[in-house]
Amino acid sequence: MQNHRNTIRPAPDTILGTIADYVTNHEITSEVAYQTAHHCLLDSLGCALLALEYPACTKLLGPIVPGTIVPNGARVPGTHYELDPVTAAFNIGSMIRWLDFNDTWLAAEWGHPSDNLGGILATSDAISRQNESSGKMPLTINDVLTAMIKAYEIQGILALENSFNQVGLDHVLLVRIATTAVVTHLLGGSREQIINALSNAWLDGGALRTYRHAPNTGSRKSWAAGDATSRGVWHALIALRGEMGYPSALSAHHWGFSNVLFKGNNITLSQPLDSFVMENILFKISYPAEFHAQTAVEAAMQLHPLAKQRLNDIKTVTIETQQAGVRIIDKTGPLNNPADRDHCLQYMVAIALIFGRLTADDYEDGIASDPSIDGLRQKMVVSENQQFSLDYIDPHKRSIANAITIHFTDGTSSQRMVVEYPLGHRRRRDAAIPVLKQKFVHNMSAFMSQQSAISSIELFDDFAALRNTTVSTLMSQFSTKHQHDS
């Protein structure tokens, strides 16, 4: 019997339309979301500039063809580069993500919504400069903050119940989706063009998580988000040129994303899109560490005064963590590079117990070669605490708890040190913001004087003025060309 195919093109998948309607029509009214977004912007810029101290990052930056300068292009903070928006998005996104120090969202899927700032800042700067050159109005930081809130929301709400990691796909595919949506809108795209761009973004599938897990952990996990956000800009740009879309990209029988890559499960949005994610975002304040280890490092820091005095007397260190922590960062055996170490729970706890600190430099080979680190790692026992796992997914708690106990050879033990909520959690927001600003000043120190960094914070502190600042004005402050010219 002949198998006939239905050639009637369906209406767009519901999620494509829902996201497009949210981006084009939904008004953000939450002042908490805007206030939080401007702190996310401040923090992300600081993370990006700190990454410039690491050659493994800087070797990837700049134009595809060396020496290329794009007139009225997008600036890359901390450099003299002026690039097309796609390449600039890769640069900025990779810098923000490089040290695993930017904000975080934890749910069925994990991720870092500030990864979208690569595409948002690059596109907004290019639009603003081009508008100014032709006598049109540039975009303002308020436009950037609105795009951020919506990108965070798209990525975060999709992450609530859709676990891409369970099928081996990396979370950066949600960066590509969110960036595509908001950047197409920033460029002036219609609802239809946003849907077309989104459908193509879903058709890209997803990168495998191979580069995040032993024995293959490597530096791609630091530029994967830059790649994803730049791809989102690319989809937006070609949609504006009239490139067609694929309405059932997700749901098409046999060939759609759900059947091919998600084991036949439907992609769902578990709640309406508004500003929930931005209001509840997790900041990485104190330590450049995979977020499921943040409270473990805080607990270890509290135990450091005892551990350093009795380091040779330690018999075992027990670490209780959540199910996600066990899956992602419980590692034994050799660690091959910084990307391997900053995703090892035992390594991060060992550094904190031994040295009373955890910085990006502590993942480099020079520190890692200290035999006391691996010696202490070998004495650690990691287990899942089921209550921690339940509290992790409880919408009223959303804790990321860890507990550490040190057991000594003489039979004595430390107190069981439990930390449920890291400093960057919404429950500790008031205590976190002053420390977040200190983090920014520290991260900026290699790029500008401390006084200049403080002046930048003063701009962010004047929230009304910041919202009306043009994107090109802010980006020029972080350009080395501007620094040289002035």
# chains A, B, ... in the order shown; residues from 1 in each chain; ligands from 1
$ residues_around --residues "Ile69 in chain A" --least-positions-apart "2" --cutoff "12 Å" --atoms "only C-alpha atoms" --output "ChimeraX atom specification"
/A:62-67,71-76,80-85,87-88
$ write_last_selection --atoms "N, CA and C atoms" --output "CSV table (one decimal), in the first residue's frame"
chain,number,residue,atom,x,y,z
A,62,GLY,N,38.1,38.1,19.0
A,62,GLY,CA,38.4,38.9,17.9
A,62,GLY,C,37.7,38.5,16.6
A,63,PRO,N,37.9,39.1,15.5
A,63,PRO,CA,37.2,38.8,14.2
A,63,PRO,C,37.7,37.5,13.7
A,64,ILE,N,36.8,36.9,12.8
A,64,ILE,CA,37.2,35.7,12.2
A,64,ILE,C,38.4,35.8,11.3
A,65,VAL,N,38.5,36.9,10.6
A,65,VAL,CA,39.6,37.3,9.8
A,65,VAL,C,40.4,38.4,10.6
A,66,PRO,N,41.6,38.1,11.0
A,66,PRO,CA,42.3,39.1,11.9
A,66,PRO,C,42.4,40.4,11.2
A,67,GLY,N,42.2,41.5,12.0
A,67,GLY,CA,42.4,42.8,11.5
A,67,GLY,C,41.1,43.4,11.0
A,71,PRO,N,32.6,48.9,10.5
A,71,PRO,CA,32.1,50.2,10.8
A,71,PRO,C,30.8,50.2,11.6
A,72,ASN,N,30.7,51.0,12.7
A,72,ASN,CA,29.5,51.0,13.5
A,72,ASN,C,29.2,49.6,14.0
A,73,GLY,N,30.2,48.8,14.2
A,73,GLY,CA,29.9,47.4,14.7
A,73,GLY,C,29.8,47.4,16.2
A,74,ALA,N,29.7,46.2,16.7
A,74,ALA,CA,29.5,46.0,18.2
A,74,ALA,C,30.8,45.9,18.8
A,75,ARG,N,31.0,46.6,20.0
A,75,ARG,CA,32.2,46.6,20.7
A,75,ARG,C,32.3,45.4,21.6
A,76,VAL,N,33.5,44.9,21.9
A,76,VAL,CA,33.7,43.8,22.8
A,76,VAL,C,34.3,44.3,24.0
A,80,HIS,N,39.7,46.3,21.9
A,80,HIS,CA,39.5,47.3,20.9
A,80,HIS,C,38.7,46.8,19.7
A,81,TYR,N,38.1,45.6,19.8
A,81,TYR,CA,37.4,45.0,18.7
A,81,TYR,C,36.1,45.7,18.4
A,82,GLU,N,35.8,45.9,17.1
A,82,GLU,CA,34.5,46.3,16.7
A,82,GLU,C,34.1,45.3,15.6
A,83,LEU,N,33.1,44.5,15.9
A,83,LEU,CA,32.8,43.3,15.1
A,83,LEU,C,31.3,43.3,14.6
A,84,ASP,N,31.0,42.4,13.7
A,84,ASP,CA,29.6,42.2,13.3
A,84,ASP,C,28.9,41.6,14.5
A,85,PRO,N,27.6,41.7,14.7
A,85,PRO,CA,26.9,41.3,15.9
A,85,PRO,C,27.1,39.8,16.1
A,87,THR,N,29.7,37.7,15.5
A,87,THR,CA,31.0,37.4,16.0
A,87,THR,C,31.1,38.1,17.4
A,88,ALA,N,30.6,39.3,17.5
A,88,ALA,CA,30.7,40.0,18.8
A,88,ALA,C,29.9,39.2,19.9
$ residues_around --residues "range 195-209 of chain A" --least-positions-apart "3" --cutoff "6 Å" --atoms "only C-alpha atoms" --output "PyMOL selection string"
chain A and resi 16+168-170+173+177+192+212+235-236+239+244-246+249
$ select_by_dssp --residues "range 67-239 of chain A" --states "strand (DSSP E or B)" --output "list in words"
Ala74, Arg75, Glu82, Leu83, Thr104, Trp105, Leu106, Trp110, Gly111, Thr140, Leu169 and Leu208 of chain A
$ closest_residue --among "A:Leu282, A:Leu41, A:Ala299, A:Ile92" --to "Arg428 in chain A" --atoms "only C-alpha atoms"
A:Leu282
$ residues_around --residues "Leu261 in chain A" --least-positions-apart "2" --cutoff "9 Å" --atoms "only C-alpha atoms" --output "PyMOL selection string"
chain A and resi 164+167+169+205-206+256-259+263-264
$ residues_around --residues "Thr321 in chain A" --least-positions-apart "6" --cutoff "8 Å" --atoms "only C-alpha atoms" --output "NGL selection string"
:A and (382-385 or 388-389 or 401-403)
$ closest_residue --among "A:Ser413, A:Ser449, A:Asn216, A:Asn131" --to "Ser472 in chain A" --atoms "only C-alpha atoms"
A:Asn131
$ closest_residue --among "A:Ile96, A:Ile354, A:His39, A:Asp430" --to "Asp462 in chain A" --atoms "only C-alpha atoms"
A:His39
$ residues_around --residues "Tyr347 in chain A" --least-positions-apart "6" --cutoff "10 Å" --atoms "only C-alpha atoms" --output "VMD selection string"
chain A and resid 329 to 332 335 340 to 341 353 362 to 363 368 373 to 374 376 to 378 380
$ atom_distance --atom1 "CA of Pro138 in chain A" --atom2 "CA of Val471 in chain A"
7.3 Å
$ residues_around --residues "Gln35 in chain A" --least-positions-apart "6" --cutoff "12 Å" --atoms "only C-alpha atoms" --output "NGL selection string"
:A and (29 or 41-42 or 142 or 145-146 or 148-149 or 275 or 278-281 or 429 or 433 or 460-464 or 466-467)
$ write_last_selection --atoms "N, CA and C atoms" --output "mmCIF file, in the first residue's frame"
data_model
loop_
_atom_site.group_PDB
_atom_site.id
_atom_site.type_symbol
_atom_site.label_atom_id
_atom_site.label_comp_id
_atom_site.auth_asym_id
_atom_site.auth_seq_id
_atom_site.Cartn_x
_atom_site.Cartn_y
_atom_site.Cartn_z
ATOM 1 N N THR A 29 6.170 44.676 34.173
ATOM 2 C CA THR A 29 5.779 45.707 35.147
ATOM 3 C C THR A 29 6.509 45.567 36.481
ATOM 4 N N LEU A 41 23.393 42.713 34.847
ATOM 5 C CA LEU A 41 24.208 43.363 33.826
ATOM 6 C C LEU A 41 25.553 43.788 34.401
ATOM 7 N N LEU A 42 25.539 44.415 35.566
ATOM 8 C CA LEU A 42 26.772 44.814 36.235
ATOM 9 C C LEU A 42 27.674 43.611 36.467
ATOM 10 N N ASN A 142 17.527 50.586 29.213
ATOM 11 C CA ASN A 142 16.204 50.043 29.564
ATOM 12 C C ASN A 142 15.762 48.997 28.548
ATOM 13 N N LEU A 145 17.662 45.882 29.435
ATOM 14 C CA LEU A 145 17.121 45.230 30.623
ATOM 15 C C LEU A 145 15.828 44.486 30.317
ATOM 16 N N THR A 146 14.972 45.086 29.480
ATOM 17 C CA THR A 146 13.735 44.413 29.092
ATOM 18 C C THR A 146 14.045 43.134 28.313
ATOM 19 N N MET A 148 16.748 41.394 28.530
ATOM 20 C CA MET A 148 17.314 40.448 29.488
ATOM 21 C C MET A 148 16.221 39.718 30.260
ATOM 22 N N ILE A 149 15.263 40.480 30.797
ATOM 23 C CA ILE A 149 14.187 39.867 31.578
ATOM 24 C C ILE A 149 13.459 38.818 30.741
ATOM 25 N N SER A 275 8.041 37.518 34.586
ATOM 26 C CA SER A 275 9.375 37.941 35.043
ATOM 27 C C SER A 275 9.849 37.105 36.228
ATOM 28 N N MET A 278 13.870 36.173 36.365
ATOM 29 C CA MET A 278 14.755 37.268 36.763
ATOM 30 C C MET A 278 14.607 37.580 38.250
ATOM 31 N N GLU A 279 13.388 37.557 38.738
ATOM 32 C CA GLU A 279 13.164 37.877 40.151
ATOM 33 C C GLU A 279 13.798 36.851 41.082
ATOM 34 N N ASN A 280 14.003 35.631 40.590
ATOM 35 C CA ASN A 280 14.511 34.550 41.434
ATOM 36 C C ASN A 280 15.871 34.030 40.992
ATOM 37 N N ILE A 281 16.584 34.793 40.177
ATOM 38 C CA ILE A 281 17.869 34.340 39.655
ATOM 39 C C ILE A 281 18.874 34.146 40.793
ATOM 40 N N ARG A 429 19.294 38.013 49.337
ATOM 41 C CA ARG A 429 19.587 39.067 48.365
ATOM 42 C C ARG A 429 20.128 40.341 49.019
ATOM 43 N N ILE A 433 23.943 41.902 47.607
ATOM 44 C CA ILE A 433 24.202 43.010 46.678
ATOM 45 C C ILE A 433 25.462 43.788 47.015
ATOM 46 N N PHE A 460 25.583 52.673 37.856
ATOM 47 C CA PHE A 460 24.586 51.630 38.067
ATOM 48 C C PHE A 460 23.719 51.929 39.286
ATOM 49 N N ASP A 461 24.286 52.631 40.280
ATOM 50 C CA ASP A 461 23.502 52.969 41.468
ATOM 51 C C ASP A 461 22.421 54.009 41.167
ATOM 52 N N ASP A 462 22.678 54.858 40.167
ATOM 53 C CA ASP A 462 21.660 55.837 39.747
ATOM 54 C C ASP A 462 20.783 55.154 38.702
ATOM 55 N N PHE A 463 19.827 54.399 39.198
ATOM 56 C CA PHE A 463 19.081 53.502 38.319
ATOM 57 C C PHE A 463 18.308 54.245 37.237
ATOM 58 N N ALA A 464 17.720 55.385 37.589
ATOM 59 C CA ALA A 464 16.953 56.159 36.603
ATOM 60 C C ALA A 464 17.860 56.633 35.473
ATOM 61 N N LEU A 466 20.724 55.289 34.593
ATOM 62 C CA LEU A 466 21.205 54.129 33.849
ATOM 63 C C LEU A 466 20.190 53.690 32.804
ATOM 64 N N ARG A 467 18.917 53.653 33.175
ATOM 65 C CA ARG A 467 17.899 53.177 32.247
ATOM 66 C C ARG A 467 17.808 54.063 31.011
#
$ closest_residue --among "A:Asp342, A:Glu298, A:Asp143, A:Asp365" --to "Glu420 in chain A" --atoms "only C-alpha atoms"
A:Glu298
$ decode --residues "range 57-167 of chain A" --atoms "C-alpha atoms" --output "PDB file, in the first residue's frame"
ATOM      1  CA  CYS A  57      39.821  32.737  26.622  1.00  0.00           C
ATOM      2  CA  THR A  58      41.499  35.626  24.803  1.00  0.00           C
ATOM      3  CA  LYS A  59      42.938  33.361  22.086  1.00  0.00           C
ATOM      4  CA  LEU A  60      39.354  32.763  20.889  1.00  0.00           C
ATOM      5  CA  LEU A  61      38.380  36.431  20.705  1.00  0.00           C
ATOM      6  CA  GLY A  62      38.415  38.922  17.858  1.00  0.00           C
ATOM      7  CA  PRO A  63      37.229  38.829  14.237  1.00  0.00           C
ATOM      8  CA  ILE A  64      37.178  35.653  12.177  1.00  0.00           C
ATOM      9  CA  VAL A  65      39.649  37.287   9.783  1.00  0.00           C
ATOM     10  CA  PRO A  66      42.342  39.051  11.856  1.00  0.00           C
ATOM     11  CA  GLY A  67      42.353  42.814  11.467  1.00  0.00           C
ATOM     12  CA  THR A  68      38.740  43.094  10.341  1.00  0.00           C
ATOM     13  CA  ILE A  69      36.898  46.141  11.686  1.00  0.00           C
ATOM     14  CA  VAL A  70      33.179  46.584  11.089  1.00  0.00           C
ATOM     15  CA  PRO A  71      32.095  50.242  10.806  1.00  0.00           C
ATOM     16  CA  ASN A  72      29.532  50.983  13.538  1.00  0.00           C
ATOM     17  CA  GLY A  73      29.949  47.412  14.698  1.00  0.00           C
ATOM     18  CA  ALA A  74      29.490  45.969  18.161  1.00  0.00           C
ATOM     19  CA  ARG A  75      32.230  46.580  20.713  1.00  0.00           C
ATOM     20  CA  VAL A  76      33.688  43.756  22.806  1.00  0.00           C
ATOM     21  CA  PRO A  77      34.227  44.950  26.414  1.00  0.00           C
ATOM     22  CA  GLY A  78      37.839  45.268  27.500  1.00  0.00           C
ATOM     23  CA  THR A  79      39.153  45.122  23.931  1.00  0.00           C
ATOM     24  CA  HIS A  80      39.509  47.331  20.861  1.00  0.00           C
ATOM     25  CA  TYR A  81      37.420  44.971  18.704  1.00  0.00           C
ATOM     26  CA  GLU A  82      34.494  46.323  16.665  1.00  0.00           C
ATOM     27  CA  LEU A  83      32.779  43.336  15.083  1.00  0.00           C
ATOM     28  CA  ASP A  84      29.637  42.190  13.327  1.00  0.00           C
ATOM     29  CA  PRO A  85      26.932  41.257  15.856  1.00  0.00           C
ATOM     30  CA  VAL A  86      27.239  37.497  15.326  1.00  0.00           C
ATOM     31  CA  THR A  87      30.968  37.410  16.022  1.00  0.00           C
ATOM     32  CA  ALA A  88      30.699  39.962  18.815  1.00  0.00           C
ATOM     33  CA  ALA A  89      27.994  37.835  20.451  1.00  0.00           C
ATOM     34  CA  PHE A  90      30.363  34.872  20.465  1.00  0.00           C
ATOM     35  CA  ASN A  91      33.113  37.015  21.986  1.00  0.00           C
ATOM     36  CA  ILE A  92      30.971  38.588  24.706  1.00  0.00           C
ATOM     37  CA  GLY A  93      29.084  35.393  25.513  1.00  0.00           C
ATOM     38  CA  SER A  94      32.301  33.403  25.854  1.00  0.00           C
ATOM     39  CA  MET A  95      33.857  36.034  28.120  1.00  0.00           C
ATOM     40  CA  ILE A  96      30.831  36.200  30.429  1.00  0.00           C
ATOM     41  CA  ARG A  97      30.721  32.415  30.769  1.00  0.00           C
ATOM     42  CA  TRP A  98      34.439  31.599  30.772  1.00  0.00           C
ATOM     43  CA  LEU A  99      35.127  31.479  34.506  1.00  0.00           C
ATOM     44  CA  ASP A 100      31.804  29.923  35.553  1.00  0.00           C
ATOM     45  CA  PHE A 101      31.128  33.017  37.670  1.00  0.00           C
ATOM     46  CA  ASN A 102      27.927  34.401  36.101  1.00  0.00           C
ATOM     47  CA  ASP A 103      24.357  34.033  37.329  1.00  0.00           C
ATOM     48  CA  THR A 104      22.579  30.686  37.357  1.00  0.00           C
ATOM     49  CA  TRP A 105      19.165  29.047  37.091  1.00  0.00           C
ATOM     50  CA  LEU A 106      18.495  25.586  38.519  1.00  0.00           C
ATOM     51  CA  ALA A 107      15.494  23.433  37.652  1.00  0.00           C
ATOM     52  CA  ALA A 108      14.924  20.191  35.734  1.00  0.00           C
ATOM     53  CA  GLU A 109      17.417  21.789  33.350  1.00  0.00           C
ATOM     54  CA  TRP A 110      20.307  23.943  34.521  1.00  0.00           C
ATOM     55  CA  GLY A 111      21.761  26.981  32.856  1.00  0.00           C
ATOM     56  CA  HIS A 112      23.041  30.529  32.988  1.00  0.00           C
ATOM     57  CA  PRO A 113      20.563  33.060  31.571  1.00  0.00           C
ATOM     58  CA  SER A 114      23.157  35.859  31.466  1.00  0.00           C
ATOM     59  CA  ASP A 115      24.717  33.858  28.611  1.00  0.00           C
ATOM     60  CA  ASN A 116      22.098  35.602  26.448  1.00  0.00           C
ATOM     61  CA  LEU A 117      23.799  38.938  27.078  1.00  0.00           C
ATOM     62  CA  GLY A 118      26.325  38.059  24.383  1.00  0.00           C
ATOM     63  CA  GLY A 119      23.640  38.388  21.725  1.00  0.00           C
ATOM     64  CA  ILE A 120      21.667  41.124  23.452  1.00  0.00           C
ATOM     65  CA  LEU A 121      24.606  43.500  24.022  1.00  0.00           C
ATOM     66  CA  ALA A 122      26.214  42.878  20.638  1.00  0.00           C
ATOM     67  CA  THR A 123      22.981  43.447  18.737  1.00  0.00           C
ATOM     68  CA  SER A 124      21.907  46.445  20.838  1.00  0.00           C
ATOM     69  CA  ASP A 125      25.282  48.154  20.438  1.00  0.00           C
ATOM     70  CA  ALA A 126      25.319  47.630  16.671  1.00  0.00           C
ATOM     71  CA  ILE A 127      21.727  48.871  16.308  1.00  0.00           C
ATOM     72  CA  SER A 128      22.444  51.927  18.435  1.00  0.00           C
ATOM     73  CA  ARG A 129      25.605  52.896  16.568  1.00  0.00           C
ATOM     74  CA  GLN A 130      23.955  52.439  13.194  1.00  0.00           C
ATOM     75  CA  ASN A 131      20.940  54.466  14.317  1.00  0.00           C
ATOM     76  CA  GLU A 132      23.135  57.276  15.625  1.00  0.00           C
ATOM     77  CA  SER A 133      25.086  57.392  12.364  1.00  0.00           C
ATOM     78  CA  SER A 134      21.845  57.936  10.431  1.00  0.00           C
ATOM     79  CA  GLY A 135      20.257  60.392  12.868  1.00  0.00           C
ATOM     80  CA  LYS A 136      17.884  57.901  14.471  1.00  0.00           C
ATOM     81  CA  MET A 137      17.301  57.208  18.155  1.00  0.00           C
ATOM     82  CA  PRO A 138      19.636  54.628  19.721  1.00  0.00           C
ATOM     83  CA  LEU A 139      18.532  51.904  22.076  1.00  0.00           C
ATOM     84  CA  THR A 140      18.825  52.530  25.805  1.00  0.00           C
ATOM     85  CA  ILE A 141      19.896  50.330  28.696  1.00  0.00           C
ATOM     86  CA  ASN A 142      16.204  50.043  29.564  1.00  0.00           C
ATOM     87  CA  ASP A 143      15.761  48.223  26.238  1.00  0.00           C
ATOM     88  CA  VAL A 144      18.622  45.913  27.199  1.00  0.00           C
ATOM     89  CA  LEU A 145      17.121  45.230  30.623  1.00  0.00           C
ATOM     90  CA  THR A 146      13.735  44.413  29.092  1.00  0.00           C
ATOM     91  CA  ALA A 147      15.379  42.028  26.621  1.00  0.00           C
ATOM     92  CA  MET A 148      17.314  40.448  29.488  1.00  0.00           C
ATOM     93  CA  ILE A 149      14.187  39.867  31.578  1.00  0.00           C
ATOM     94  CA  LYS A 150      12.451  38.224  28.635  1.00  0.00           C
ATOM     95  CA  ALA A 151      15.451  36.095  27.636  1.00  0.00           C
ATOM     96  CA  TYR A 152      15.900  34.933  31.231  1.00  0.00           C
ATOM     97  CA  GLU A 153      12.196  34.086  31.392  1.00  0.00           C
ATOM     98  CA  ILE A 154      12.148  32.093  28.148  1.00  0.00           C
ATOM     99  CA  GLN A 155      15.235  30.100  29.069  1.00  0.00           C
ATOM    100  CA  GLY A 156      14.248  29.611  32.703  1.00  0.00           C
ATOM    101  CA  ILE A 157      10.613  28.615  32.263  1.00  0.00           C
ATOM    102  CA  LEU A 158      11.553  26.156  29.508  1.00  0.00           C
ATOM    103  CA  ALA A 159      14.074  24.728  31.985  1.00  0.00           C
ATOM    104  CA  LEU A 160      11.531  24.186  34.780  1.00  0.00           C
ATOM    105  CA  GLU A 161      10.191  20.834  33.584  1.00  0.00           C
ATOM    106  CA  ASN A 162      12.084  20.013  30.367  1.00  0.00           C
ATOM    107  CA  SER A 163      15.261  18.119  31.281  1.00  0.00           C
ATOM    108  CA  PHE A 164      17.462  18.146  28.191  1.00  0.00           C
ATOM    109  CA  ASN A 165      20.401  16.812  30.219  1.00  0.00           C
ATOM    110  CA  GLN A 166      18.446  13.575  30.755  1.00  0.00           C
ATOM    111  CA  VAL A 167      18.697  12.876  27.016  1.00  0.00           C
TER     112      VAL A 167
END
